Amino acid sequence: MKKWAFVSDFDGTISKRDFYLIMMDKYFPEGRSLMPKWKAGEIKDIDFLNKVFTSINQDEERIISDIYSIEIDEYVPDFIEKIQQNGGDFYILSAGTDYYIHHILKKYGVKGVQVFSNEGYYHEKNVHMNIDKNHQHYHEQYGIDKSKVIQDLKKEYETVFFIGDSEPDSHPAEHADITFAKNGLQDLLREKGIRFVPVKEFTEVEEYLTEKGILPRP
């Protein structure tokens with residue numbers, strides 16, 4: 001077995017704002033009217049995101065430019081490098097789409113990171129998702145079953161760390177060895193009685209891993 005892996009959600013965890021919110025506010029403000037039904041569970045996550053992503057109607061150059069403008073936790077590229085330099089593997093686990101995640105990784109020169117997400121591609125001025133219902137990680141609500149991904153990784157690694165920020169992350173948090181929680185995920189995990197380490201940014205995660213002797217002191 002490999003020693004350890006660090007798995008991170010993307011939207012709202014690595015990025016400071018969700019990609020779908022940026023696209024909706026810029027190109028599909030009508031989508032705001034759908035949010036109450038989505039939040040109430042009347043619309044599946046995957047269907048809501050698909051509606052937003054296929055309502056962008058912009059050339060790919062503009063969409064990529066918008067992706068490059070996404071703010072991220074500035075420390076993440078350095079954090080990923082430290083994980084990789086000290087015997088860990090870094091994964092991104094997202095219920096969005098890998099289309100924009102790969103562009104962000106490219107922008108920051110991040111390498112050696114596997115992305116578990118819904119496959120995305122540009123076609124006719126929009127971003128589309130290719131959902132494979134026969135995939136081992138398929139989930140009817142989110143497109144990808146984050147819990148299954150974590151459970152599969154635990155078969156490969158002695159220890160699996162996870163960090164997330166919102167409701168979809170509450171499910172894989174049950175299976176990770178240690179979960180770091182940002183924002184609304186903290187209250188959700190308290191309600192579920194799931195232990196977690198509360199954080200606001202990745203520098204705090206590094207401090208924790210350093211204190212535990214997983215990462216070396218500077």
# chains A, B, ... in the order shown; residues from 1 in each chain; ligands from 1
>>> residues_around(residues="Ser33 of chain A", least_positions_apart="4", cutoff="12 Å", atoms="only C-alpha atoms", output="ChimeraX atom specification")
/A:24-25,28-29,37-39,48,52
>>> select_by_dssp(residues="segment 3-182 of chain A", states="strand (DSSP E or B)", output="PyMOL selection string")
chain A and resi 3-8+15+72+88-97+114-123+126-130+138-139+143-144+157-164+178-181
>>> residues_around(residues="segment 189-204 of chain A", least_positions_apart="6", cutoff="7 Å", atoms="only C-alpha atoms", output="PyMOL selection string")
chain A and resi 73+75-76+170+174+178-182
>>> write_last_selection(atoms="N, CA and C atoms", output="mmCIF file, in the first residue's frame")
data_model
loop_
_atom_site.group_PDB
_atom_site.id
_atom_site.type_symbol
_atom_site.label_atom_id
_atom_site.label_comp_id
_atom_site.auth_asym_id
_atom_site.auth_seq_id
_atom_site.Cartn_x
_atom_site.Cartn_y
_atom_site.Cartn_z
ATOM 1 N N ASP A 73 -7.109 29.928 -3.638
ATOM 2 C CA ASP A 73 -6.267 30.077 -2.451
ATOM 3 C C ASP A 73 -4.831 30.099 -2.971
ATOM 4 N N TYR A 75 -2.039 29.804 -1.865
ATOM 5 C CA TYR A 75 -1.018 28.887 -1.346
ATOM 6 C C TYR A 75 -1.134 27.479 -1.922
ATOM 7 N N VAL A 76 -2.233 27.189 -2.600
ATOM 8 C CA VAL A 76 -2.487 25.822 -3.058
ATOM 9 C C VAL A 76 -1.375 25.232 -3.935
ATOM 10 N N SER A 170 -19.974 16.438 2.318
ATOM 11 C CA SER A 170 -20.325 15.804 3.592
ATOM 12 C C SER A 170 -20.353 14.281 3.469
ATOM 13 N N GLU A 174 -17.328 11.239 5.465
ATOM 14 C CA GLU A 174 -17.603 10.103 6.348
ATOM 15 C C GLU A 174 -16.571 8.992 6.193
ATOM 16 N N ILE A 178 -9.076 11.661 7.854
ATOM 17 C CA ILE A 178 -9.182 12.981 8.485
ATOM 18 C C ILE A 178 -9.751 13.948 7.456
ATOM 19 N N THR A 179 -10.781 14.695 7.866
ATOM 20 C CA THR A 179 -11.400 15.680 6.985
ATOM 21 C C THR A 179 -11.144 17.085 7.508
ATOM 22 N N PHE A 180 -10.720 17.959 6.621
ATOM 23 C CA PHE A 180 -10.607 19.384 6.898
ATOM 24 C C PHE A 180 -11.847 20.045 6.297
ATOM 25 N N ALA A 181 -12.516 20.879 7.067
ATOM 26 C CA ALA A 181 -13.780 21.459 6.596
ATOM 27 C C ALA A 181 -13.731 22.983 6.593
ATOM 28 N N LYS A 182 -14.181 23.538 5.466
ATOM 29 C CA LYS A 182 -14.311 24.983 5.319
ATOM 30 C C LYS A 182 -15.800 25.347 5.286
#
>>> closest_residue(among="A:Glu206, A:Glu42, A:Asp18, A:Asp11", to="Asp169 of chain A", atoms="only C-alpha atoms")
A:Asp11
>>> closest_residue(among="A:Glu60, A:Asp45, A:Glu124, A:Asp66", to="Phe19 of chain A", atoms="only C-alpha atoms")
A:Asp66
>>> decode(residues="segment 100-142 of chain A", atoms="C-alpha atoms", output="PDB file, in the first residue's frame")
ATOM      1  CA  TYR A 100     -12.205  24.265 -15.968  1.00  0.00           C
ATOM      2  CA  ILE A 101     -10.109  22.453 -13.358  1.00  0.00           C
ATOM      3  CA  HIS A 102      -7.545  21.335 -15.945  1.00  0.00           C
ATOM      4  CA  HIS A 103      -7.313  24.897 -17.264  1.00  0.00           C
ATOM      5  CA  ILE A 104      -6.605  26.216 -13.747  1.00  0.00           C
ATOM      6  CA  LEU A 105      -3.931  23.560 -13.131  1.00  0.00           C
ATOM      7  CA  LYS A 106      -2.328  24.509 -16.435  1.00  0.00           C
ATOM      8  CA  LYS A 107      -2.376  28.205 -15.545  1.00  0.00           C
ATOM      9  CA  TYR A 108      -0.488  27.575 -12.290  1.00  0.00           C
ATOM     10  CA  GLY A 109       1.858  24.953 -13.738  1.00  0.00           C
ATOM     11  CA  VAL A 110       0.590  22.271 -11.371  1.00  0.00           C
ATOM     12  CA  LYS A 111       1.551  18.768 -12.469  1.00  0.00           C
ATOM     13  CA  GLY A 112       1.064  15.217 -11.259  1.00  0.00           C
ATOM     14  CA  VAL A 113      -2.475  15.803  -9.980  1.00  0.00           C
ATOM     15  CA  GLN A 114      -5.233  13.393 -10.967  1.00  0.00           C
ATOM     16  CA  VAL A 115      -8.703  14.919 -11.245  1.00  0.00           C
ATOM     17  CA  PHE A 116     -11.813  12.930 -10.363  1.00  0.00           C
ATOM     18  CA  SER A 117     -14.746  14.866 -11.773  1.00  0.00           C
ATOM     19  CA  ASN A 118     -17.470  14.910 -14.398  1.00  0.00           C
ATOM     20  CA  GLU A 119     -15.885  14.968 -17.836  1.00  0.00           C
ATOM     21  CA  GLY A 120     -16.404  18.336 -19.508  1.00  0.00           C
ATOM     22  CA  TYR A 121     -15.780  19.668 -23.009  1.00  0.00           C
ATOM     23  CA  TYR A 122     -16.386  22.775 -25.087  1.00  0.00           C
ATOM     24  CA  HIS A 123     -18.898  22.495 -27.915  1.00  0.00           C
ATOM     25  CA  GLU A 124     -20.882  25.143 -29.787  1.00  0.00           C
ATOM     26  CA  LYS A 125     -20.186  28.030 -27.416  1.00  0.00           C
ATOM     27  CA  ASN A 126     -20.938  26.098 -24.230  1.00  0.00           C
ATOM     28  CA  VAL A 127     -19.474  23.648 -21.733  1.00  0.00           C
ATOM     29  CA  HIS A 128     -21.046  20.207 -21.834  1.00  0.00           C
ATOM     30  CA  MET A 129     -20.694  17.291 -19.445  1.00  0.00           C
ATOM     31  CA  ASN A 130     -20.266  13.708 -20.553  1.00  0.00           C
ATOM     32  CA  ILE A 131     -21.943  11.650 -17.833  1.00  0.00           C
ATOM     33  CA  ASP A 132     -21.279   7.927 -18.080  1.00  0.00           C
ATOM     34  CA  LYS A 133     -23.992   6.072 -16.148  1.00  0.00           C
ATOM     35  CA  ASN A 134     -21.939   2.890 -16.372  1.00  0.00           C
ATOM     36  CA  HIS A 135     -18.863   4.417 -14.720  1.00  0.00           C
ATOM     37  CA  GLN A 136     -17.864   2.874 -11.393  1.00  0.00           C
ATOM     38  CA  HIS A 137     -18.087   6.306  -9.747  1.00  0.00           C
ATOM     39  CA  TYR A 138     -21.416   7.364 -11.288  1.00  0.00           C
ATOM     40  CA  HIS A 139     -23.921   9.082  -8.999  1.00  0.00           C
ATOM     41  CA  GLU A 140     -27.455  10.011 -10.043  1.00  0.00           C
ATOM     42  CA  GLN A 141     -27.498  13.292  -8.092  1.00  0.00           C
ATOM     43  CA  TYR A 142     -23.955  14.602  -8.563  1.00  0.00           C
TER      44      TYR A 142
END
